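Source file my_file_35.txt; content: compact mmCIF, C-alpha atoms and all ligand atoms.
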# COMPACT_ATOMS: atom_id res chain seq x y z
CA MET A 126 -2.35 4.88 32.62
CA THR A 127 -1.90 2.44 29.74
CA ASP A 128 -5.35 3.37 28.48
CA GLU A 129 -4.35 7.00 28.35
CA LYS A 130 -1.23 6.24 26.32
CA GLU A 131 -3.21 4.06 23.95
CA PHE A 132 -5.81 6.79 23.60
CA TYR A 133 -3.23 9.36 22.45
CA MET A 134 -1.44 6.85 20.22
CA GLN A 135 -4.77 5.92 18.64
CA ARG A 136 -5.35 9.60 17.93
CA ALA A 137 -1.89 9.77 16.30
CA ILE A 138 -2.77 6.75 14.15
CA THR A 139 -6.06 8.33 13.06
CA LEU A 140 -4.20 11.49 12.08
CA ALA A 141 -1.57 9.48 10.18
CA GLU A 142 -4.28 7.83 8.08
CA LYS A 143 -5.26 11.22 6.68
CA GLY A 144 -2.06 11.12 4.63
CA LYS A 145 -3.17 8.01 2.72
CA GLY A 146 -2.45 8.25 -0.96
CA ARG A 147 -0.26 11.35 -0.64
CA VAL A 148 2.91 10.25 1.17
CA ASN A 149 4.17 7.18 -0.75
CA PRO A 150 6.82 5.91 -0.77
CA ASN A 151 7.29 7.60 2.60
CA PRO A 152 5.44 6.36 5.68
CA LEU A 153 2.10 7.38 7.13
CA VAL A 154 3.00 9.03 10.44
CA GLY A 155 0.92 10.86 13.04
CA ALA A 156 1.89 12.76 16.20
CA VAL A 157 0.18 14.31 19.20
CA VAL A 158 1.66 16.66 21.84
CA VAL A 159 0.15 16.24 25.30
CA LYS A 160 0.63 18.52 28.29
CA ASP A 161 -1.13 18.43 31.65
CA GLY A 162 -3.57 15.80 30.42
CA LYS A 163 -4.67 17.61 27.27
CA ILE A 164 -3.71 17.67 23.62
CA ILE A 165 -1.96 20.96 22.79
CA GLY A 166 -0.84 20.09 19.26
CA GLU A 167 -1.48 17.55 16.52
CA GLY A 168 0.07 16.80 13.16
CA TYR A 169 0.70 14.22 10.50
CA HIS A 170 2.80 13.65 7.45
CA GLU A 171 0.52 15.31 4.90
CA TYR A 172 2.27 14.77 1.58
CA TYR A 173 5.47 13.37 0.14
CA GLY A 174 8.35 15.77 0.78
CA GLY A 175 6.36 17.77 3.33
CA LEU A 176 7.13 18.31 7.01
CA HIS A 177 7.28 15.18 9.14
CA ALA A 178 4.43 14.47 11.56
CA GLU A 179 6.44 15.48 14.63
CA ARG A 180 7.36 18.88 13.19
CA ASN A 181 3.77 19.53 12.15
CA ALA A 182 2.49 18.63 15.63
CA LEU A 183 5.08 20.86 17.33
CA LYS A 184 4.38 23.71 14.90
CA ASN A 185 0.65 23.45 15.64
CA CYS A 186 1.01 23.67 19.44
CA LYS A 187 -1.32 26.23 20.93
CA GLU A 188 0.94 26.76 23.95
CA SER A 189 4.57 26.11 24.91
CA SER A 190 5.46 22.45 24.50
CA GLU A 191 8.20 22.64 27.12
CA GLY A 192 7.92 19.62 29.40
CA ALA A 193 5.23 18.01 27.23
CA THR A 194 4.96 14.42 26.00
CA LEU A 195 5.08 13.69 22.28
CA TYR A 196 3.23 10.65 20.98
CA VAL A 197 4.38 9.53 17.56
CA THR A 198 3.47 6.40 15.60
CA LEU A 199 7.01 5.93 14.20
CA GLU A 200 10.42 6.52 15.76
CA PRO A 201 11.43 10.11 14.93
CA CYS A 202 14.16 10.61 12.34
CA CYS A 203 17.69 11.79 13.15
CA HIS A 204 18.94 12.36 9.62
CA TYR A 205 19.03 15.22 7.16
CA GLY A 206 16.75 14.09 4.36
CA LYS A 207 14.19 16.30 2.67
CA THR A 208 13.73 17.91 6.10
CA PRO A 209 16.10 18.43 9.06
CA PRO A 210 16.05 15.75 11.80
CA CYS A 211 12.94 15.61 14.00
CA THR A 212 15.11 14.70 17.00
CA GLU A 213 16.48 18.27 16.79
CA ALA A 214 12.98 19.76 16.85
CA ILE A 215 12.11 17.58 19.85
CA LEU A 216 15.15 18.81 21.75
CA GLU A 217 14.61 22.45 20.74
CA HIS A 218 11.03 22.31 21.98
CA ARG A 219 12.21 20.79 25.29
CA ILE A 220 9.90 17.80 25.05
CA ARG A 221 10.26 15.75 28.27
CA LYS A 222 9.04 12.40 27.02
CA VAL A 223 8.53 10.71 23.66
CA VAL A 224 6.15 7.77 23.32
CA VAL A 225 6.89 5.85 20.12
CA GLY A 226 4.59 3.31 18.46
CA MET A 227 7.32 1.39 16.66
CA THR A 228 11.00 1.70 15.79
CA ASP A 229 11.81 2.89 12.28
CA PRO A 230 12.67 0.01 9.91
CA ASN A 231 14.57 2.53 7.75
CA PRO A 232 18.18 1.30 8.03
CA LEU A 233 19.23 4.97 8.44
CA MET A 234 17.30 5.09 11.73
CA ALA A 235 16.47 1.67 13.20
CA GLY A 236 16.63 2.64 16.87
CA LYS A 237 19.35 5.29 16.53
CA SER A 238 17.05 8.20 17.34
CA ILE A 239 15.75 6.49 20.45
CA ALA A 240 19.29 6.09 21.77
CA LEU A 241 20.10 9.70 20.81
CA LEU A 242 17.06 11.15 22.59
CA LYS A 243 17.78 9.10 25.70
CA SER A 244 21.39 10.30 25.74
CA LYS A 245 20.07 13.88 25.80
CA GLY A 246 17.91 13.17 28.83
CA VAL A 247 14.56 12.68 27.04
CA GLU A 248 12.49 9.83 28.43
CA VAL A 249 11.51 7.41 25.64
CA GLU A 250 8.96 4.64 25.67
CA VAL A 251 8.58 2.33 22.69
CA GLY A 252 5.82 -0.08 21.67
CA VAL A 253 2.48 1.56 22.55
CA LEU A 254 -0.10 0.13 20.07
CA GLU A 255 2.85 -1.35 18.21
CA LYS A 256 0.74 -3.84 16.25
CA GLU A 257 -1.53 -1.08 14.97
CA CYS A 258 1.46 1.12 14.07
CA MET A 259 3.05 -1.82 12.22
CA GLU A 260 -0.17 -2.24 10.25
CA LEU A 261 -0.19 1.47 9.44
CA THR A 262 3.27 1.10 7.88
CA HIS A 263 2.91 -2.30 6.21
CA ILE A 264 3.79 -0.91 2.77
CA PHE A 265 6.65 1.27 4.02
CA ARG A 266 8.18 -1.55 6.07
CA LYS A 267 8.56 -3.82 3.08
CA TYR A 268 9.67 -1.19 0.58
CA ILE A 269 12.24 0.60 2.75
CA THR A 270 14.00 -2.67 3.53
CA THR A 271 13.76 -4.45 0.15
CA LYS A 272 12.98 -1.81 -2.52
CA ILE A 273 10.38 -4.29 -3.77
CA PRO A 274 6.77 -3.09 -3.79
CA TYR A 275 4.18 -4.50 -1.40
CA VAL A 276 1.63 -6.49 -3.39
CA LEU A 277 -2.02 -6.81 -2.40
CA MET A 278 -4.07 -9.28 -4.42
CA LYS A 279 -7.76 -8.34 -4.40
CA TYR A 280 -10.75 -10.09 -5.89
CA ALA A 281 -14.49 -10.33 -5.39
CA MET A 282 -16.33 -13.62 -5.67
CA THR A 283 -19.69 -15.21 -5.02
CA MET A 284 -20.43 -17.67 -2.22
CA ASP A 285 -19.71 -20.44 -4.72
CA GLY A 286 -16.30 -19.01 -5.55
CA LYS A 287 -16.98 -17.42 -8.95
CA ILE A 288 -15.64 -14.11 -10.24
CA ALA A 289 -17.93 -14.16 -13.29
CA THR A 290 -20.95 -15.96 -14.66
CA ALA A 291 -20.50 -18.74 -17.22
CA SER A 292 -20.84 -16.17 -20.01
CA GLY A 293 -18.13 -14.01 -18.42
CA LYS A 294 -20.24 -11.23 -16.89
CA SER A 295 -19.01 -9.79 -13.59
CA LYS A 296 -20.80 -6.46 -13.08
CA TRP A 297 -21.46 -6.52 -10.22
CA ILE A 298 -20.61 -9.15 -7.68
CA THR A 299 -20.31 -7.06 -4.52
CA GLY A 300 -22.53 -4.15 -3.48
CA GLU A 301 -21.85 -0.44 -3.63
CA THR A 302 -20.36 -0.11 -0.14
CA ALA A 303 -17.80 -2.83 -0.76
CA ARG A 304 -16.92 -1.29 -4.11
CA MET A 305 -16.36 2.05 -2.39
CA CYS A 306 -13.92 0.27 -0.04
CA VAL A 307 -11.95 -0.92 -3.07
CA GLN A 308 -11.78 2.67 -4.30
CA LYS A 309 -10.29 3.69 -0.95
CA THR A 310 -7.70 0.92 -1.24
CA ARG A 311 -6.79 2.19 -4.72
CA LEU A 312 -5.94 5.49 -3.04
CA GLU A 313 -3.47 3.81 -0.72
CA TYR A 314 -1.62 1.87 -3.40
CA GLN A 315 0.66 3.62 -5.84
CA ALA A 316 0.01 1.21 -8.70
CA ILE A 317 -2.70 -1.12 -9.91
CA MET A 318 -1.80 -4.19 -11.95
CA VAL A 319 -3.95 -6.36 -14.24
CA GLY A 320 -3.40 -8.92 -16.95
CA SER A 321 -4.00 -8.24 -20.65
CA GLU A 322 -6.96 -10.66 -20.63
CA THR A 323 -8.75 -8.44 -18.10
CA VAL A 324 -8.16 -5.40 -20.32
CA ARG A 325 -9.47 -7.29 -23.35
CA LYS A 326 -12.60 -8.54 -21.55
CA ASP A 327 -13.54 -5.57 -19.36
CA ASP A 328 -11.85 -2.62 -21.12
CA PRO A 329 -11.45 -0.93 -17.71
CA LEU A 330 -10.09 2.52 -16.84
CA LEU A 331 -8.64 1.51 -13.44
CA THR A 332 -8.78 5.07 -12.15
CA CYS A 333 -9.69 6.33 -8.70
CA ARG A 334 -13.29 7.46 -8.57
CA ILE A 335 -12.99 9.29 -5.24
CA ALA A 336 -13.19 13.09 -5.54
CA ASN A 337 -9.68 14.64 -5.51
CA GLY A 338 -8.18 11.14 -5.31
CA LYS A 339 -4.94 10.38 -7.13
CA ASP A 340 -5.11 7.81 -9.92
CA PRO A 341 -2.83 4.84 -9.40
CA VAL A 342 -0.14 4.08 -11.99
CA ARG A 343 -1.62 1.40 -14.26
CA ILE A 344 0.52 -1.65 -14.97
CA ILE A 345 -0.64 -4.10 -17.63
CA CYS A 346 1.05 -7.50 -17.83
CA ASP A 347 0.93 -8.31 -21.52
CA THR A 348 3.45 -11.04 -22.43
CA SER A 349 3.27 -10.57 -26.20
CA LEU A 350 1.91 -7.01 -26.36
CA ARG A 351 -1.50 -7.80 -27.76
CA THR A 352 -3.65 -5.17 -26.04
CA SER A 353 -5.69 -3.14 -28.49
CA THR A 354 -4.40 0.41 -28.92
CA GLY A 355 -8.08 1.36 -29.07
CA SER A 356 -8.64 0.21 -25.47
CA GLN A 357 -9.60 2.79 -22.85
CA ILE A 358 -6.32 2.19 -21.01
CA VAL A 359 -4.16 3.04 -24.04
CA LYS A 360 -6.38 5.92 -25.11
CA THR A 361 -6.05 7.60 -21.69
CA ALA A 362 -2.33 6.91 -21.21
CA ARG A 363 -1.47 10.59 -21.59
CA GLN A 364 -3.70 11.46 -18.62
CA VAL A 365 -2.83 8.54 -16.32
CA ARG A 366 0.66 6.99 -16.12
CA THR A 367 0.46 3.60 -17.84
CA ILE A 368 3.15 0.94 -17.94
CA PHE A 369 3.04 -2.12 -20.18
CA ALA A 370 5.13 -5.01 -18.87
CA THR A 371 6.00 -7.39 -21.67
CA CYS A 372 8.45 -9.95 -23.06
CA GLU A 373 7.95 -8.57 -26.56
CA THR A 374 11.11 -6.94 -27.91
CA ASN A 375 9.93 -5.90 -31.39
CA ARG A 376 10.76 -2.18 -31.60
CA GLU A 377 7.94 -1.25 -33.93
CA LYS A 378 5.38 -2.93 -31.74
CA ILE A 379 6.75 -1.27 -28.62
CA GLU A 380 6.78 2.16 -30.29
CA LEU A 381 3.10 1.83 -31.09
CA TYR A 382 2.35 1.95 -27.37
CA GLN A 383 5.02 4.51 -26.56
CA LYS A 384 3.58 6.86 -29.19
CA ALA A 385 0.22 6.60 -27.41
CA GLY A 386 1.89 7.76 -24.16
CA CYS A 387 2.48 4.37 -22.51
CA GLU A 388 5.76 3.29 -20.96
CA VAL A 389 6.98 -0.16 -21.92
CA LEU A 390 9.04 -2.31 -19.54
CA VAL A 391 10.66 -5.31 -21.19
CA VAL A 392 11.00 -8.21 -18.79
CA SER A 393 12.51 -11.71 -19.16
CA LYS A 394 10.37 -14.71 -19.94
CA LYS A 395 10.06 -17.51 -17.42
CA ASN A 396 8.11 -20.66 -18.31
CA GLY A 397 6.54 -18.79 -21.24
CA LYS A 398 5.28 -15.92 -19.05
CA ILE A 399 6.51 -12.61 -17.70
CA ASP A 400 9.04 -13.14 -14.91
CA LEU A 401 7.04 -11.41 -12.18
CA LYS A 402 9.90 -11.44 -9.67
CA GLU A 403 12.00 -9.44 -12.09
CA LEU A 404 9.04 -7.19 -12.88
CA VAL A 405 8.43 -6.18 -9.26
CA GLN A 406 12.13 -5.40 -8.86
CA LYS A 407 11.95 -3.13 -11.90
CA ILE A 408 8.78 -1.47 -10.64
CA GLY A 409 10.39 -0.93 -7.23
CA ALA A 410 13.36 0.71 -8.95
CA LEU A 411 10.92 3.25 -10.43
CA GLY A 412 10.07 4.37 -6.87
CA ILE A 413 6.72 2.56 -6.76
CA ASP A 414 6.22 1.08 -3.29
CA SER A 415 2.90 -0.74 -3.66
CA ILE A 416 0.81 -2.66 -6.18
CA LEU A 417 -2.85 -3.55 -6.03
CA LEU A 418 -3.24 -6.70 -8.09
CA GLU A 419 -6.74 -6.86 -9.55
CA GLY A 420 -6.56 -10.05 -11.61
CA GLY A 421 -7.57 -11.85 -13.53
CA GLY A 422 -7.24 -15.48 -12.59
CA THR A 423 -4.19 -16.25 -14.72
CA LEU A 424 -2.14 -13.32 -13.44
CA ASN A 425 -3.25 -14.07 -9.85
CA ALA A 426 -2.03 -17.65 -10.21
CA ASN A 427 1.30 -16.54 -11.69
CA ALA A 428 1.74 -13.95 -8.94
CA LEU A 429 1.23 -16.53 -6.20
CA GLU A 430 3.56 -18.93 -7.96
CA ALA A 431 6.23 -16.23 -8.24
CA GLN A 432 5.68 -15.49 -4.54
CA ILE A 433 5.25 -11.75 -5.07
CA VAL A 434 1.90 -11.47 -3.22
CA ASP A 435 2.08 -10.20 0.37
CA ARG A 436 -1.61 -9.92 1.22
CA VAL A 437 -4.94 -11.14 -0.13
CA GLN A 438 -8.28 -9.35 0.09
CA THR A 439 -11.21 -11.65 -0.64
CA TYR A 440 -14.56 -9.96 -1.00
CA ILE A 441 -17.41 -12.46 -0.77
CA ALA A 442 -20.91 -11.58 -1.93
CA PRO A 443 -23.84 -13.56 -0.51
CA LYS A 444 -24.97 -14.89 -3.89
CA ILE A 445 -24.46 -17.98 -5.99
CA PHE A 446 -23.80 -18.02 -9.77
CA GLY A 447 -23.46 -21.76 -10.31
CA GLY A 448 -22.43 -23.08 -13.72
CA THR A 449 -18.97 -22.95 -15.21
CA GLY A 450 -17.93 -19.39 -14.31
CA ILE A 451 -14.28 -19.12 -13.29
CA GLY A 452 -12.73 -18.64 -9.86
CA PRO A 453 -10.29 -15.93 -8.72
CA VAL A 454 -7.10 -17.97 -9.09
CA GLY A 455 -6.52 -19.95 -12.29
CA GLY A 456 -3.45 -21.74 -13.54
CA MET A 457 -2.87 -25.40 -12.80
CA GLY A 458 -3.43 -25.03 -9.07
CA VAL A 459 -1.83 -27.26 -6.49
CA ASP A 460 -2.30 -31.01 -6.60
CA GLU A 461 -2.16 -31.87 -2.91
CA PRO A 462 -4.29 -29.91 -0.40
CA ALA A 463 -1.18 -29.87 1.73
CA ASP A 464 0.56 -27.80 -0.96
CA ALA A 465 -2.00 -24.98 -0.75
CA TYR A 466 -0.81 -21.39 -0.50
CA GLN A 467 -1.13 -20.68 3.18
CA LEU A 468 -2.95 -17.55 4.31
CA VAL A 469 -2.40 -16.42 7.88
CA ASN A 470 -3.61 -13.74 10.23
CA SER A 471 -7.07 -13.57 8.56
CA ARG A 472 -9.43 -10.76 9.56
CA LEU A 473 -13.14 -10.79 8.74
CA LYS A 474 -15.24 -7.66 8.21
CA GLN A 475 -18.82 -7.27 7.08
CA ILE A 476 -19.30 -4.46 4.56
CA GLY A 477 -22.95 -3.89 3.74
CA GLU A 478 -24.27 -7.28 2.61
CA ASP A 479 -20.77 -8.48 1.66
CA PHE A 480 -17.81 -9.85 3.59
CA LEU A 481 -14.15 -8.98 3.36
CA ILE A 482 -11.48 -11.40 4.50
CA GLU A 483 -8.00 -9.92 4.62
CA SER A 484 -5.09 -12.32 5.05
CA ASP A 485 -1.31 -12.31 4.78
CA VAL A 486 0.45 -14.87 2.61
CA LYS A 487 2.97 -17.17 4.22
CA TYR A 488 5.20 -18.90 1.70
CA LYS A 489 6.80 -22.18 2.61
C1 LIG B 1 8.22 10.83 6.68
N1 LIG B 1 7.28 11.44 7.43
O1 LIG B 1 6.39 12.02 9.39
C2 LIG B 1 8.36 10.74 9.40
C3 LIG B 1 9.35 10.09 8.61
O2 LIG B 1 13.16 11.96 3.03
P1 LIG B 1 12.71 12.54 4.32
O3 LIG B 1 13.62 13.56 4.89
O4 LIG B 1 11.27 13.01 4.27
O5 LIG B 1 12.77 11.34 5.40
C4 LIG B 1 12.07 10.18 5.21
C5 LIG B 1 12.36 9.22 6.34
O6 LIG B 1 12.12 9.83 7.60
C6 LIG B 1 11.47 8.01 6.31
O7 LIG B 1 12.05 6.98 5.56
C7 LIG B 1 11.36 7.59 7.78
O8 LIG B 1 12.43 6.73 8.08
C8 LIG B 1 11.59 8.90 8.55
N2 LIG B 1 10.36 9.41 9.20
N3 LIG B 1 9.23 10.17 7.24
O9 LIG B 1 8.15 10.87 5.46
C9 LIG B 1 7.30 11.44 8.76
N4 LIG B 1 8.41 10.74 10.73
ZN ZN B 2 11.44 13.27 10.92
Kindly transcribe the structure held in the file into structure tokens.
Ligand code: AOF
Ligand code: ZN
Amino acid sequence: MTDEKEFYMQRAITLAEKGKGRVNPNPLVGAVVVKDGKIIGEGYHEYYGGLHAERNALKNCKESSEGATLYVTLEPCCHYGKTPPCTEAILEHRIRKVVVGMTDPNPLMAGKSIALLKSKGVEVEVGVLEKECMELTHIFRKYITTKIPYVLMKYAMTMDGKIATASGKSKWITGETARMCVQKTRLEYQAIMVGSETVRKDDPLLTCRIANGKDPVRIICDTSLRTSTGSQIVKTARQVRTIFATCETNREKIELYQKAGCEVLVVSKKNGKIDLKELVQKIGALGIDSILLEGGGTLNANALEAQIVDRVQTYIAPKIFGGTGIGPVGGMGVDEPADAYQLVNSRLKQIGEDFLIESDVKYK
């Protein structure tokens, strides 16, 4: 029996994933309606502001859903938001049982709908594939409870821990398949953040190269606003939303970037650098729920020090550069091994010839 429940919940998770890149800052949610041992309707949250997964699944039912079981990755809502409550749709469709992956961390819900459905005689079971459903909503869970974006730090290095050769060349470290994976991650994250040194060295575009994919908002950390206005990033700021985070307050300098179509966020200085804790609060206030941090080493070090990083993705290519090329995290580093930033819950995946280790950061 458990296997059957997990099977349908897994299907709901797979459906939910189709919404990647289109629902932020709302959650990825999937739902499946099952009657007499077969799926009679499926749905997912397709885009921000659209129908919730449950309503889509009920709408898509090929036969009456009376007496059916609804599998949904997240506790249904019971509030009037952009759409009427899903609990109402569940009751109207006379669903007999609701199987929920995880309770909704949204303080407006947080278990309320489960109690409501039960009080109306609907059987409710919570926690099927809970871990997987929690993973599905890792960005949503942080943002809905803190209004601070989820930060993923990503870098690619060689077996000897280098992100560039001694002369600074880095194209390419990982193979094509791994680089395609990074493109998919860019889809999932609303913003991408780099330091001004990376812009100076690589002159990147930081766009999404997947067909029909949405470009992430580009955030450049540039303490004294030194980025060339001739850089690709500035030149394309009218096509792709671009935010410069800086401690520079000189109006004329700021206007130079604004005139080119960039937004400029002025942030306090802390130890001579941008106060990243304040920056993520300001970015969160703009409605941005997630940031993919793509270096370089100085910004990565500052981000760890400011404790804004939630997760680390380390791509490792089976090659060795040797020499004096730099590593992914710069700064002063820790002195004692015991003071290392601790990564927990590490998962290893092979992607083509490369490896990806994904870990969560646990601050002391
Ligand atoms: C979604 N999609 O499939 C489900 C959600 O602003 P609203 O009305 O769209 O409501 C958003 C809240 O509804 C969201 O924070 C979450 O708590 C709940 N469930 N949201 O966007 C869905 N099931
Ligand atoms: Zn809903």
Practice problem: Would you mind reading off the distance between CA of Thr290 (chain A) and CA of Gly452 (chain A), one decimal, in Å? | Solution: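 Between CA of Thr290 (chain A) and CA of Gly452 (chain A) the gap is 9.9 Å.
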Return as JSON lines the residues of chain A lying at most 9 Å from ligand LIG 1 (chain B), together with the closest atom-to-atom pair for each and the distance in Å to one decimal, counting only C-alpha atoms and all ligand atoms, with rows in chain order and ascending residue number.
{"residue": "A:Ala141", "atom": "CA", "partner": "B:LIG1", "partner_atom": "O1", "distance": 8.4}
{"residue": "A:Val148", "atom": "CA", "partner": "B:LIG1", "partner_atom": "O9", "distance": 6.8}
{"residue": "A:Asn149", "atom": "CA", "partner": "B:LIG1", "partner_atom": "O9", "distance": 8.2}
{"residue": "A:Pro150", "atom": "CA", "partner": "B:LIG1", "partner_atom": "O9", "distance": 8.1}
{"residue": "A:Asn151", "atom": "CA", "partner": "B:LIG1", "partner_atom": "O9", "distance": 4.4}
{"residue": "A:Pro152", "atom": "CA", "partner": "B:LIG1", "partner_atom": "O9", "distance": 5.3}
{"residue": "A:Leu153", "atom": "CA", "partner": "B:LIG1", "partner_atom": "N1", "distance": 6.6}
{"residue": "A:Val154", "atom": "CA", "partner": "B:LIG1", "partner_atom": "O1", "distance": 4.6}
{"residue": "A:Gly155", "atom": "CA", "partner": "B:LIG1", "partner_atom": "O1", "distance": 6.7}
{"residue": "A:Ala156", "atom": "CA", "partner": "B:LIG1", "partner_atom": "O1", "distance": 8.2}
{"residue": "A:Gly168", "atom": "CA", "partner": "B:LIG1", "partner_atom": "O1", "distance": 8.8}
{"residue": "A:Tyr169", "atom": "CA", "partner": "B:LIG1", "partner_atom": "O1", "distance": 6.2}
{"residue": "A:His170", "atom": "CA", "partner": "B:LIG1", "partner_atom": "O1", "distance": 4.4}
{"residue": "A:Glu171", "atom": "CA", "partner": "B:LIG1", "partner_atom": "O1", "distance": 8.1}
{"residue": "A:Tyr172", "atom": "CA", "partner": "B:LIG1", "partner_atom": "O9", "distance": 8.1}
{"residue": "A:Tyr173", "atom": "CA", "partner": "B:LIG1", "partner_atom": "O9", "distance": 6.5}
{"residue": "A:Gly174", "atom": "CA", "partner": "B:LIG1", "partner_atom": "O4", "distance": 5.3}
{"residue": "A:Gly175", "atom": "CA", "partner": "B:LIG1", "partner_atom": "O4", "distance": 6.9}
{"residue": "A:Leu176", "atom": "CA", "partner": "B:LIG1", "partner_atom": "O1", "distance": 6.8}
{"residue": "A:His177", "atom": "CA", "partner": "B:LIG1", "partner_atom": "O1", "distance": 3.3}
{"residue": "A:Ala178", "atom": "CA", "partner": "B:LIG1", "partner_atom": "O1", "distance": 3.8}
{"residue": "A:Glu179", "atom": "CA", "partner": "B:LIG1", "partner_atom": "O1", "distance": 6.3}
{"residue": "A:Arg180", "atom": "CA", "partner": "B:LIG1", "partner_atom": "O1", "distance": 7.9}
{"residue": "A:Asn181", "atom": "CA", "partner": "B:LIG1", "partner_atom": "O1", "distance": 8.4}
{"residue": "A:Val197", "atom": "CA", "partner": "B:LIG1", "partner_atom": "N4", "distance": 8.0}
{"residue": "A:Thr198", "atom": "CA", "partner": "B:LIG1", "partner_atom": "N4", "distance": 8.2}
{"residue": "A:Leu199", "atom": "CA", "partner": "B:LIG1", "partner_atom": "N4", "distance": 6.1}
{"residue": "A:Glu200", "atom": "CA", "partner": "B:LIG1", "partner_atom": "N4", "distance": 6.9}
{"residue": "A:Pro201", "atom": "CA", "partner": "B:LIG1", "partner_atom": "N4", "distance": 5.2}
{"residue": "A:Cys202", "atom": "CA", "partner": "B:LIG1", "partner_atom": "C8", "distance": 4.9}
{"residue": "A:Cys203", "atom": "CA", "partner": "B:LIG1", "partner_atom": "O6", "distance": 8.1}
{"residue": "A:His204", "atom": "CA", "partner": "B:LIG1", "partner_atom": "O3", "distance": 7.2}
{"residue": "A:Tyr205", "atom": "CA", "partner": "B:LIG1", "partner_atom": "O3", "distance": 6.1}
{"residue": "A:Gly206", "atom": "CA", "partner": "B:LIG1", "partner_atom": "O3", "distance": 3.2}
{"residue": "A:Lys207", "atom": "CA", "partner": "B:LIG1", "partner_atom": "O3", "distance": 3.6}
{"residue": "A:Thr208", "atom": "CA", "partner": "B:LIG1", "partner_atom": "O3", "distance": 4.5}
{"residue": "A:Pro209", "atom": "CA", "partner": "B:LIG1", "partner_atom": "O3", "distance": 6.9}
{"residue": "A:Pro210", "atom": "CA", "partner": "B:LIG1", "partner_atom": "O3", "distance": 7.6}
{"residue": "A:Cys211", "atom": "CA", "partner": "B:LIG1", "partner_atom": "N4", "distance": 7.4}
{"residue": "A:Asp229", "atom": "CA", "partner": "B:LIG1", "partner_atom": "O8", "distance": 5.7}
{"residue": "A:Pro230", "atom": "CA", "partner": "B:LIG1", "partner_atom": "O8", "distance": 7.0}
{"residue": "A:Asn231", "atom": "CA", "partner": "B:LIG1", "partner_atom": "O8", "distance": 4.7}
{"residue": "A:Pro232", "atom": "CA", "partner": "B:LIG1", "partner_atom": "O8", "distance": 7.9}
{"residue": "A:Leu233", "atom": "CA", "partner": "B:LIG1", "partner_atom": "O8", "distance": 7.0}
{"residue": "A:Met234", "atom": "CA", "partner": "B:LIG1", "partner_atom": "O8", "distance": 6.3}
{"residue": "A:Ala235", "atom": "CA", "partner": "B:LIG1", "partner_atom": "O8", "distance": 8.3}
{"residue": "A:Phe265", "atom": "CA", "partner": "B:LIG1", "partner_atom": "O7", "distance": 8.0}
{"residue": "A:Ile269", "atom": "CA", "partner": "B:LIG1", "partner_atom": "O7", "distance": 7.0}
Self-check item: Leu429 (chain A) environment, 10 Å, all atoms listed in the file, sequence neighbours closer than 4 positions dropped, as a VMD selection string
Solution: chain A and resid 278 401 424 to 425 433 to 435 454 466 486 488
Quiz item: So which one's closest to ligand ZN 2 (chain B), A:Cys306, A:Ile345, A:Ala214, A:Ile476? Using all atoms listed in the file, please.
Solution: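 Using all atoms listed in the file, ligand ZN 2 (chain B) sits closest to A:Ala214.
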Exercise. Find the residue from A:Asp340, A:Glu188, A:Glu322, A:Asp161 that sits nearest to Gly146 (chain A); use all atoms listed in the file when measuring.
Key: A:Asp340
Quiz prompt | Point-to-point distance in Å for CA of Ser353 (chain A) and CA of Cys372 (chain A) | solution = 16.6 Å
Practice problem: In Å, rounded to a single decimal, give me how far CA of Lys339 (chain A) is from CA of Leu404 (chain A). | Solution: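 Rounded to one decimal, the two atoms are 23.2 Å apart.
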